[in-house]
file work.pdb (PDB, C-alpha atoms)
ATOM      1  CA  MET A  54      -3.478  14.569  37.808  1.00  0.00           C
ATOM      2  CA  THR A  55      -0.956  12.275  36.145  1.00  0.00           C
ATOM      3  CA  LEU A  56      -0.870  11.335  32.497  1.00  0.00           C
ATOM      4  CA  GLU A  57      -0.198   7.714  31.679  1.00  0.00           C
ATOM      5  CA  LYS A  58       1.571   6.782  28.500  1.00  0.00           C
ATOM      6  CA  ILE A  59      -0.749   4.761  26.316  1.00  0.00           C
ATOM      7  CA  ALA A  60       1.063   2.100  24.310  1.00  0.00           C
ATOM      8  CA  THR A  61      -0.584   1.444  20.968  1.00  0.00           C
ATOM      9  CA  LYS A  62       0.181  -1.264  18.454  1.00  0.00           C
ATOM     10  CA  GLN A  63       1.504  -0.123  15.087  1.00  0.00           C
ATOM     11  CA  ARG A  64      -1.371   0.225  12.638  1.00  0.00           C
ATOM     12  CA  LEU A  65      -1.343   0.511   8.872  1.00  0.00           C
ATOM     13  CA  ILE A  66      -4.290   1.156   6.577  1.00  0.00           C
ATOM     14  CA  LEU A  67      -4.241  -1.106   3.526  1.00  0.00           C
ATOM     15  CA  ALA A  68      -6.539  -0.625   0.555  1.00  0.00           C
ATOM     16  CA  ILE A  69      -6.912  -2.889  -2.455  1.00  0.00           C
ATOM     17  CA  SER A  70      -8.495  -1.015  -5.340  1.00  0.00           C
ATOM     18  CA  GLY A  71      -9.769  -2.205  -8.689  1.00  0.00           C
ATOM     19  CA  ALA A  72      -6.585  -2.268 -10.779  1.00  0.00           C
ATOM     20  CA  SER A  73      -5.005  -5.549 -11.796  1.00  0.00           C
ATOM     21  CA  GLY A  74      -2.465  -6.674  -9.204  1.00  0.00           C
ATOM     22  CA  ALA A  75      -4.445  -7.714  -6.132  1.00  0.00           C
ATOM     23  CA  ALA A  76      -1.511 -10.012  -5.357  1.00  0.00           C
ATOM     24  CA  TYR A  77       0.395  -6.968  -4.089  1.00  0.00           C
ATOM     25  CA  GLY A  78      -2.264  -6.213  -1.501  1.00  0.00           C
ATOM     26  CA  ILE A  79      -2.491  -9.856  -0.419  1.00  0.00           C
ATOM     27  CA  SER A  80       1.290 -10.049  -0.059  1.00  0.00           C
ATOM     28  CA  ALA A  81       1.233  -6.863   2.034  1.00  0.00           C
ATOM     29  CA  LEU A  82      -1.404  -8.358   4.329  1.00  0.00           C
ATOM     30  CA  ARG A  83       0.701 -11.465   4.903  1.00  0.00           C
ATOM     31  CA  LEU A  84       3.949  -9.572   5.475  1.00  0.00           C
ATOM     32  CA  LEU A  85       2.310  -7.101   7.854  1.00  0.00           C
ATOM     33  CA  GLN A  86       0.707  -9.900   9.823  1.00  0.00           C
ATOM     34  CA  ALA A  87       4.078 -11.641  10.181  1.00  0.00           C
ATOM     35  CA  ALA A  88       5.613  -8.330  11.328  1.00  0.00           C
ATOM     36  CA  GLY A  89       2.960  -7.860  14.007  1.00  0.00           C
ATOM     37  CA  VAL A  90       1.466  -4.751  12.426  1.00  0.00           C
ATOM     38  CA  GLU A  91      -2.274  -4.224  12.903  1.00  0.00           C
ATOM     39  CA  THR A  92      -3.937  -4.047   9.478  1.00  0.00           C
ATOM     40  CA  HIS A  93      -7.025  -1.966   8.693  1.00  0.00           C
ATOM     41  CA  LEU A  94      -8.336  -3.178   5.338  1.00  0.00           C
ATOM     42  CA  VAL A  95     -10.625  -1.732   2.695  1.00  0.00           C
ATOM     43  CA  VAL A  96     -11.313  -3.636  -0.535  1.00  0.00           C
ATOM     44  CA  SER A  97     -13.109  -1.725  -3.275  1.00  0.00           C
ATOM     45  CA  LYS A  98     -16.083  -3.229  -5.068  1.00  0.00           C
ATOM     46  CA  SER A  99     -14.072  -3.546  -8.281  1.00  0.00           C
ATOM     47  CA  ALA A 100     -11.202  -5.236  -6.463  1.00  0.00           C
ATOM     48  CA  ALA A 101     -13.611  -7.757  -4.928  1.00  0.00           C
ATOM     49  CA  LEU A 102     -14.652  -8.762  -8.451  1.00  0.00           C
ATOM     50  CA  SER A 103     -11.072  -9.276  -9.621  1.00  0.00           C
ATOM     51  CA  LEU A 104      -9.911 -11.422  -6.686  1.00  0.00           C
ATOM     52  CA  GLY A 105     -11.348 -14.645  -8.060  1.00  0.00           C
ATOM     53  CA  ALA A 106     -10.067 -13.978 -11.578  1.00  0.00           C
ATOM     54  CA  GLU A 107      -6.505 -13.279 -10.471  1.00  0.00           C
ATOM     55  CA  LEU A 108      -5.985 -15.270  -7.282  1.00  0.00           C
ATOM     56  CA  ASP A 109      -8.817 -17.766  -6.744  1.00  0.00           C
ATOM     57  CA  LEU A 110      -9.641 -16.006  -3.484  1.00  0.00           C
ATOM     58  CA  THR A 111     -12.999 -14.859  -2.189  1.00  0.00           C
ATOM     59  CA  LEU A 112     -13.595 -11.554  -0.460  1.00  0.00           C
ATOM     60  CA  SER A 113     -14.161 -13.487   2.774  1.00  0.00           C
ATOM     61  CA  ASP A 114     -10.733 -15.140   2.375  1.00  0.00           C
ATOM     62  CA  VAL A 115      -9.072 -11.735   2.130  1.00  0.00           C
ATOM     63  CA  HIS A 116     -11.069 -10.208   4.981  1.00  0.00           C
ATOM     64  CA  ALA A 117      -9.942 -13.070   7.220  1.00  0.00           C
ATOM     65  CA  MET A 118      -6.304 -11.990   6.750  1.00  0.00           C
ATOM     66  CA  ALA A 119      -6.858  -8.523   8.256  1.00  0.00           C
ATOM     67  CA  ASP A 120      -7.279  -7.358  11.832  1.00  0.00           C
ATOM     68  CA  VAL A 121     -10.029  -4.856  11.027  1.00  0.00           C
ATOM     69  CA  VAL A 122     -12.161  -4.669   7.878  1.00  0.00           C
ATOM     70  CA  TYR A 123     -14.242  -1.753   6.578  1.00  0.00           C
ATOM     71  CA  ARG A 124     -16.874  -1.508   3.878  1.00  0.00           C
ATOM     72  CA  PRO A 125     -15.763   0.723   0.963  1.00  0.00           C
ATOM     73  CA  GLY A 126     -18.768   3.002   1.473  1.00  0.00           C
ATOM     74  CA  ASP A 127     -18.358   3.404   5.241  1.00  0.00           C
ATOM     75  CA  ILE A 128     -17.342   7.075   5.333  1.00  0.00           C
ATOM     76  CA  GLY A 129     -17.904   7.115   9.102  1.00  0.00           C
ATOM     77  CA  ALA A 130     -15.223   4.477   9.742  1.00  0.00           C
ATOM     78  CA  ALA A 131     -12.392   5.078  12.204  1.00  0.00           C
ATOM     79  CA  ILE A 132      -9.823   5.455   9.404  1.00  0.00           C
ATOM     80  CA  ALA A 133     -11.845   8.370   7.989  1.00  0.00           C
ATOM     81  CA  SER A 134     -10.850  10.481  10.990  1.00  0.00           C
ATOM     82  CA  GLY A 135      -7.515  12.156  11.606  1.00  0.00           C
ATOM     83  CA  SER A 136      -7.789  11.437  15.332  1.00  0.00           C
ATOM     84  CA  PHE A 137      -7.376   7.707  14.617  1.00  0.00           C
ATOM     85  CA  ARG A 138      -3.612   7.252  14.697  1.00  0.00           C
ATOM     86  CA  THR A 139      -1.869   5.090  12.094  1.00  0.00           C
ATOM     87  CA  LEU A 140       1.513   4.795  10.390  1.00  0.00           C
ATOM     88  CA  GLY A 141      -0.230   5.838   7.202  1.00  0.00           C
ATOM     89  CA  MET A 142      -1.830   4.105   4.254  1.00  0.00           C
ATOM     90  CA  LEU A 143      -0.787   1.813   1.437  1.00  0.00           C
ATOM     91  CA  ILE A 144      -2.987   1.383  -1.636  1.00  0.00           C
ATOM     92  CA  ALA A 145      -1.895  -1.800  -3.409  1.00  0.00           C
ATOM     93  CA  PRO A 146      -2.708  -1.731  -6.217  1.00  0.00           C
ATOM     94  CA  CYS A 147      -3.922   1.804  -6.802  1.00  0.00           C
ATOM     95  CA  SER A 148      -6.271   2.224  -9.751  1.00  0.00           C
ATOM     96  CA  ILE A 149      -6.290   5.339 -11.893  1.00  0.00           C
ATOM     97  CA  LYS A 150      -9.830   6.049 -10.627  1.00  0.00           C
ATOM     98  CA  THR A 151      -8.576   6.043  -7.029  1.00  0.00           C
ATOM     99  CA  LEU A 152      -5.581   8.171  -7.997  1.00  0.00           C
ATOM    100  CA  GLY A 153      -7.967  10.641  -9.636  1.00  0.00           C
ATOM    101  CA  GLU A 154     -10.171  10.910  -6.542  1.00  0.00           C
ATOM    102  CA  ILE A 155      -7.149  11.550  -4.307  1.00  0.00           C
ATOM    103  CA  HIS A 156      -5.810  14.118  -6.774  1.00  0.00           C
ATOM    104  CA  SER A 157      -9.113  15.998  -6.989  1.00  0.00           C
ATOM    105  CA  GLY A 158      -9.978  15.827  -3.297  1.00  0.00           C
ATOM    106  CA  VAL A 159     -13.458  14.591  -4.227  1.00  0.00           C
ATOM    107  CA  THR A 160     -13.462  11.624  -1.855  1.00  0.00           C
ATOM    108  CA  GLN A 161     -16.396   9.459  -2.913  1.00  0.00           C
ATOM    109  CA  THR A 162     -15.264   6.252  -1.160  1.00  0.00           C
ATOM    110  CA  LEU A 163     -13.653   5.298   2.134  1.00  0.00           C
ATOM    111  CA  ILE A 164     -10.405   4.538   0.291  1.00  0.00           C
ATOM    112  CA  SER A 165     -10.004   8.041  -1.092  1.00  0.00           C
ATOM    113  CA  ARG A 166     -11.310   9.620   2.143  1.00  0.00           C
ATOM    114  CA  ALA A 167      -8.760   7.719   4.267  1.00  0.00           C
ATOM    115  CA  ALA A 168      -6.032   8.699   1.796  1.00  0.00           C
ATOM    116  CA  ASP A 169      -7.078  12.343   2.054  1.00  0.00           C
ATOM    117  CA  VAL A 170      -6.919  12.097   5.850  1.00  0.00           C
ATOM    118  CA  CYS A 171      -3.357  10.774   5.644  1.00  0.00           C
ATOM    119  CA  LEU A 172      -2.376  13.723   3.479  1.00  0.00           C
ATOM    120  CA  LYS A 173      -3.960  16.346   5.742  1.00  0.00           C
ATOM    121  CA  GLU A 174      -2.408  14.748   8.850  1.00  0.00           C
ATOM    122  CA  ARG A 175       0.990  14.567   7.083  1.00  0.00           C
ATOM    123  CA  ARG A 176       1.113  10.788   7.366  1.00  0.00           C
ATOM    124  CA  ARG A 177       2.750   8.529   4.839  1.00  0.00           C
ATOM    125  CA  LEU A 178       0.553   7.673   1.837  1.00  0.00           C
ATOM    126  CA  VAL A 179       1.982   5.242  -0.719  1.00  0.00           C
ATOM    127  CA  LEU A 180       0.215   4.544  -4.011  1.00  0.00           C
ATOM    128  CA  MET A 181       1.215   1.464  -5.994  1.00  0.00           C
ATOM    129  CA  VAL A 182      -0.279   2.843  -9.199  1.00  0.00           C
ATOM    130  CA  ARG A 183      -0.912   0.057 -11.664  1.00  0.00           C
ATOM    131  CA  GLU A 184      -1.412   1.231 -15.254  1.00  0.00           C
ATOM    132  CA  SER A 185       0.563   1.128 -18.490  1.00  0.00           C
ATOM    133  CA  PRO A 186       1.127   2.885 -20.799  1.00  0.00           C
ATOM    134  CA  LEU A 187       0.501   6.236 -19.150  1.00  0.00           C
ATOM    135  CA  HIS A 188      -1.004   9.274 -20.850  1.00  0.00           C
ATOM    136  CA  LEU A 189      -0.310  12.856 -19.848  1.00  0.00           C
ATOM    137  CA  GLY A 190      -3.336  13.055 -17.567  1.00  0.00           C
ATOM    138  CA  HIS A 191      -2.078  10.072 -15.549  1.00  0.00           C
ATOM    139  CA  LEU A 192       1.382  11.616 -15.251  1.00  0.00           C
ATOM    140  CA  ARG A 193       0.022  14.991 -14.197  1.00  0.00           C
ATOM    141  CA  ALA A 194      -2.159  13.359 -11.533  1.00  0.00           C
ATOM    142  CA  MET A 195       0.882  11.467 -10.200  1.00  0.00           C
ATOM    143  CA  ALA A 196       2.913  14.668 -10.102  1.00  0.00           C
ATOM    144  CA  ALA A 197       0.070  16.473  -8.309  1.00  0.00           C
ATOM    145  CA  VAL A 198      -0.366  13.858  -5.565  1.00  0.00           C
ATOM    146  CA  THR A 199       3.416  13.831  -5.101  1.00  0.00           C
ATOM    147  CA  GLU A 200       3.323  17.593  -4.544  1.00  0.00           C
ATOM    148  CA  MET A 201       0.514  16.986  -2.039  1.00  0.00           C
ATOM    149  CA  GLY A 202       2.729  14.633  -0.031  1.00  0.00           C
ATOM    150  CA  ALA A 203       1.998  11.152  -1.377  1.00  0.00           C
ATOM    151  CA  ILE A 204       4.591   8.721  -2.700  1.00  0.00           C
ATOM    152  CA  VAL A 205       3.855   7.107  -6.062  1.00  0.00           C
ATOM    153  CA  ALA A 206       5.501   3.676  -6.122  1.00  0.00           C
ATOM    154  CA  PRO A 207       4.536   1.698  -9.240  1.00  0.00           C
ATOM    155  CA  PRO A 208       5.058  -2.063  -8.722  1.00  0.00           C
ATOM    156  CA  VAL A 209       8.278  -2.423 -10.713  1.00  0.00           C
ATOM    157  CA  PRO A 210      10.130  -5.708 -10.027  1.00  0.00           C
ATOM    158  CA  ALA A 211      13.806  -5.853  -9.100  1.00  0.00           C
ATOM    159  CA  PHE A 212      15.781  -8.513 -10.961  1.00  0.00           C
ATOM    160  CA  TYR A 213      19.089  -8.264  -9.075  1.00  0.00           C
ATOM    161  CA  THR A 214      17.506 -10.481  -6.406  1.00  0.00           C
ATOM    162  CA  ARG A 215      17.295 -13.312  -8.968  1.00  0.00           C
ATOM    163  CA  PRO A 216      13.598 -14.071  -8.327  1.00  0.00           C
ATOM    164  CA  LYS A 217      12.612 -17.671  -9.031  1.00  0.00           C
ATOM    165  CA  THR A 218       8.833 -17.259  -8.845  1.00  0.00           C
ATOM    166  CA  LEU A 219       6.180 -14.598  -9.283  1.00  0.00           C
ATOM    167  CA  ASP A 220       5.653 -14.704  -5.517  1.00  0.00           C
ATOM    168  CA  ASP A 221       9.340 -13.813  -5.034  1.00  0.00           C
ATOM    169  CA  MET A 222       8.923 -10.777  -7.296  1.00  0.00           C
ATOM    170  CA  VAL A 223       5.710  -9.629  -5.634  1.00  0.00           C
ATOM    171  CA  GLU A 224       7.060 -10.051  -2.093  1.00  0.00           C
ATOM    172  CA  GLN A 225      10.282  -8.166  -2.859  1.00  0.00           C
ATOM    173  CA  THR A 226       8.333  -5.292  -4.431  1.00  0.00           C
ATOM    174  CA  VAL A 227       5.934  -5.063  -1.493  1.00  0.00           C
ATOM    175  CA  GLY A 228       8.799  -5.312   0.992  1.00  0.00           C
ATOM    176  CA  ARG A 229      10.500  -2.301  -0.595  1.00  0.00           C
ATOM    177  CA  VAL A 230       7.245  -0.352  -0.341  1.00  0.00           C
ATOM    178  CA  LEU A 231       6.872  -1.268   3.337  1.00  0.00           C
ATOM    179  CA  ASP A 232      10.375   0.155   3.853  1.00  0.00           C
ATOM    180  CA  LEU A 233       8.757   3.549   3.211  1.00  0.00           C
ATOM    181  CA  PHE A 234       6.792   3.119   6.451  1.00  0.00           C
ATOM    182  CA  GLY A 235       9.913   2.132   8.396  1.00  0.00           C
ATOM    183  CA  LEU A 236       8.886  -1.538   8.397  1.00  0.00           C
ATOM    184  CA  ASP A 237      11.574  -4.145   7.708  1.00  0.00           C
ATOM    185  CA  VAL A 238      10.013  -7.449   6.647  1.00  0.00           C
ATOM    186  CA  GLY A 239      13.255  -9.219   5.801  1.00  0.00           C
ATOM    187  CA  ILE A 240      13.624  -8.743   2.046  1.00  0.00           C
ATOM    188  CA  LYS A 241      16.822  -9.182   0.038  1.00  0.00           C
ATOM    189  CA  ARG A 242      18.950  -6.032  -0.083  1.00  0.00           C
ATOM    190  CA  TRP A 243      21.731  -4.771  -2.323  1.00  0.00           C
ATOM    191  CA  GLY A 244      25.004  -4.866  -0.411  1.00  0.00           C
ATOM    192  CA  GLU A 245      23.459  -7.040   2.311  1.00  0.00           C
ATOM    193  CA  GLY A 246      23.784 -10.584   1.067  1.00  0.00           C
ATOM    194  CA  ILE A 247      23.687  -9.460  -2.568  1.00  0.00           C
ATOM    195  CA  ALA A 248      27.165  -8.496  -3.709  1.00  0.00           C
ATOM    196  CA  ALA A 249      27.518  -5.314  -5.729  1.00  0.00           C
ATOM    197  CA  VAL A 250      28.931  -5.779  -9.219  1.00  0.00           C
ATOM    198  CA  THR A 251      31.999  -3.645  -9.960  1.00  0.00           C
ATOM    199  CA  GLY A 252      33.921  -3.047 -13.136  1.00  0.00           C
ATOM    200  CA  PRO A 253      37.506  -4.260 -13.779  1.00  0.00           C
ATOM    201  CA  ASN A 254      39.037  -0.825 -12.970  1.00  0.00           C
ATOM    202  CA  GLU A 255      37.091  -0.220  -9.768  1.00  0.00           C
TER     203      GLU A 255
END

call {"tool": "encode", "arguments": {"input": "work.pdb", "output": "structure tokens"}}
result
Amino acid sequence: MTLEKIATKQRLILAISGASGAAYGISALRLLQAAGVETHLVVSKSAALSLGAELDLTLSDVHAMADVVYRPGDIGAAIASGSFRTLGMLIAPCSIKTLGEIHSGVTQTLISRAADVCLKERRRLVLMVRESPLHLGHLRAMAAVTEMGAIVAPPVPAFYTRPKTLDDMVEQTVGRVLDLFGLDVGIKRWGEGIAAVTGPNE
């Protein structure tokens, strides 16, 4: 019997949870689509409510941008199983509620279940936690999920790129996060088109 190599398209799980900042998730969808990465999307119920307030988008508009869409309560979805291979999972933005579920291991939604699967399978899990200011409980939860293997990447804009619009800032931030999955979506980079600033004695 011979074994044939099965070529699979790169897949990334993308979740948009209920924190402010749905624009990060939408930007990720667009950049991943342009990069040819298969997107598996989950939008929480709270995030669905905030889409219209922040972006004038409907849930159907967002679903149309993804390759595969799952209901937030569908615990039997493919992405809830470790045997379903992916590059990992990005939660953009990640609410404190979602962070708390991942931290505790009490996975009440598909988002936190899929995140837990990524951790147990040692796949990349990136949380764009969106909250400020932070109290000690938030910080301890972030430290705990980091110890568990996740990467906490708050959406902090870079100004050395001289962004001209909010879209520029969002896209650059998301592009840096996608770097963590080994995906280059063509963002501006320090030392690559952006000259480093040196002092007079250097």

call {"tool": "closest_atom_pairs", "arguments": {"input": "work.pdb", "of": "segment 109-151 of chain A", "to": "segment 77-99 of chain A", "cutoff": "10 Å", "atoms": "only C-alpha atoms", "output": "JSON lines"}}
result
{"residue": "A:Leu110", "atom": "CA", "partner": "A:Ile79", "partner_atom": "CA", "distance": 9.9}
{"residue": "A:Leu112", "atom": "CA", "partner": "A:Val96", "partner_atom": "CA", "distance": 8.2}
{"residue": "A:Val115", "atom": "CA", "partner": "A:Ile79", "partner_atom": "CA", "distance": 7.3}
{"residue": "A:His116", "atom": "CA", "partner": "A:Leu94", "partner_atom": "CA", "distance": 7.6}
{"residue": "A:Met118", "atom": "CA", "partner": "A:Leu82", "partner_atom": "CA", "distance": 6.6}
{"residue": "A:Ala119", "atom": "CA", "partner": "A:Thr92", "partner_atom": "CA", "distance": 5.5}
{"residue": "A:Asp120", "atom": "CA", "partner": "A:Thr92", "partner_atom": "CA", "distance": 5.3}
{"residue": "A:Val121", "atom": "CA", "partner": "A:His93", "partner_atom": "CA", "distance": 4.8}
{"residue": "A:Val122", "atom": "CA", "partner": "A:Leu94", "partner_atom": "CA", "distance": 4.8}
{"residue": "A:Tyr123", "atom": "CA", "partner": "A:Val95", "partner_atom": "CA", "distance": 5.3}
{"residue": "A:Arg124", "atom": "CA", "partner": "A:Val95", "partner_atom": "CA", "distance": 6.4}
{"residue": "A:Pro125", "atom": "CA", "partner": "A:Ser97", "partner_atom": "CA", "distance": 5.6}
{"residue": "A:Gly126", "atom": "CA", "partner": "A:Ser97", "partner_atom": "CA", "distance": 8.8}
{"residue": "A:Asp127", "atom": "CA", "partner": "A:Val95", "partner_atom": "CA", "distance": 9.6}
{"residue": "A:Ala131", "atom": "CA", "partner": "A:His93", "partner_atom": "CA", "distance": 9.5}
{"residue": "A:Ile132", "atom": "CA", "partner": "A:His93", "partner_atom": "CA", "distance": 8.0}
{"residue": "A:Thr139", "atom": "CA", "partner": "A:Glu91", "partner_atom": "CA", "distance": 9.4}
{"residue": "A:Leu140", "atom": "CA", "partner": "A:Val90", "partner_atom": "CA", "distance": 9.8}
{"residue": "A:Met142", "atom": "CA", "partner": "A:His93", "partner_atom": "CA", "distance": 9.1}
{"residue": "A:Leu143", "atom": "CA", "partner": "A:Gly78", "partner_atom": "CA", "distance": 8.7}
{"residue": "A:Ile144", "atom": "CA", "partner": "A:Gly78", "partner_atom": "CA", "distance": 7.6}
{"residue": "A:Ala145", "atom": "CA", "partner": "A:Gly78", "partner_atom": "CA", "distance": 4.8}
{"residue": "A:Pro146", "atom": "CA", "partner": "A:Tyr77", "partner_atom": "CA", "distance": 6.4}
{"residue": "A:Cys147", "atom": "CA", "partner": "A:Gly78", "partner_atom": "CA", "distance": 9.8}
{"residue": "A:Ser148", "atom": "CA", "partner": "A:Ser99", "partner_atom": "CA", "distance": 9.8}
{"residue": "A:Thr151", "atom": "CA", "partner": "A:Ser97", "partner_atom": "CA", "distance": 9.7}

call {"tool": "resolve_selection", "arguments": {"input": "work.pdb", "expression": "the PyMOL selection byres ((chain A and resi 187-192) around 12)", "output": "list in words"}}
result
Ser148, Ile149, Lys150, Thr151, Leu152, Gly153, His156, Val182, Arg183, Glu184, Ser185, Pro186, Arg193, Ala194, Met195, Ala196, Ala197, Val198, Thr199, Val205 and Pro207 of chain A

call {"tool": "atom_distance", "arguments": {"input": "work.pdb", "atom1": "atom CA of Ile69 of chain A", "atom2": "atom CA of Asp169 of chain A"}}
result
15.9 Å

call {"tool": "atom_distance", "arguments": {"input": "work.pdb", "atom1": "atom CA of Thr214 of chain A", "atom2": "atom CA of Val238 of chain A"}}
result
15.4 Å

call {"tool": "closest_residue", "arguments": {"input": "work.pdb", "among": "A:Met222, A:Met201, A:Ala101, A:Leu108", "to": "Val170 of chain A", "atoms": "all atoms listed in the file"}}
result
A:Met201

call {"tool": "atom_distance", "arguments": {"input": "work.pdb", "atom1": "atom CA of Asp109 of chain A", "atom2": "atom CA of Val223 of chain A"}}
result
16.7 Å

call {"tool": "closest_residue", "arguments": {"input": "work.pdb", "among": "A:Val227, A:Val179, A:Pro208, A:Leu236", "to": "Arg64 of chain A", "atoms": "all atoms listed in the file"}}
result
A:Leu236

call {"tool": "closest_residue", "arguments": {"input": "work.pdb", "among": "A:Leu65, A:Cys171, A:Met181, A:Ile240", "to": "Pro216 of chain A", "atoms": "all atoms listed in the file"}}
result
A:Ile240

call {"tool": "decode", "arguments": {"input": "work.pdb", "residues": "segment 120-142 of chain A", "atoms": "C-alpha atoms", "output": "short mmCIF file (atom, residue, chain, number, x, y, z; two decimals), in the first residue's frame"}}
result
data_model
loop_
_atom_site.label_atom_id
_atom_site.label_comp_id
_atom_site.auth_asym_id
_atom_site.auth_seq_id
_atom_site.Cartn_x
_atom_site.Cartn_y
_atom_site.Cartn_z
CA ASP A 120 -14.71 30.71 3.28
CA VAL A 121 -16.46 28.80 6.06
CA VAL A 122 -18.78 30.20 8.74
CA TYR A 123 -19.83 28.62 12.05
CA ARG A 124 -22.53 29.50 14.54
CA PRO A 125 -21.08 30.56 17.93
CA GLY A 126 -22.98 27.78 19.69
CA ASP A 127 -21.97 24.99 17.30
CA ILE A 128 -19.71 23.00 19.63
CA GLY A 129 -19.73 20.11 17.15
CA ALA A 130 -18.11 22.19 14.39
CA ALA A 131 -14.95 21.03 12.62
CA ILE A 132 -12.80 23.65 14.37
CA ALA A 133 -13.82 22.17 17.75
CA SER A 134 -11.76 19.08 16.98
CA GLY A 135 -7.99 18.73 17.15
CA SER A 136 -8.02 16.44 14.11
CA PHE A 137 -9.06 19.39 11.92
CA ARG A 138 -5.73 20.88 10.89
CA THR A 139 -5.23 24.66 10.88
CA LEU A 140 -2.42 27.19 11.27
CA GLY A 141 -4.08 28.22 14.51
CA MET A 142 -6.56 30.84 15.61
#
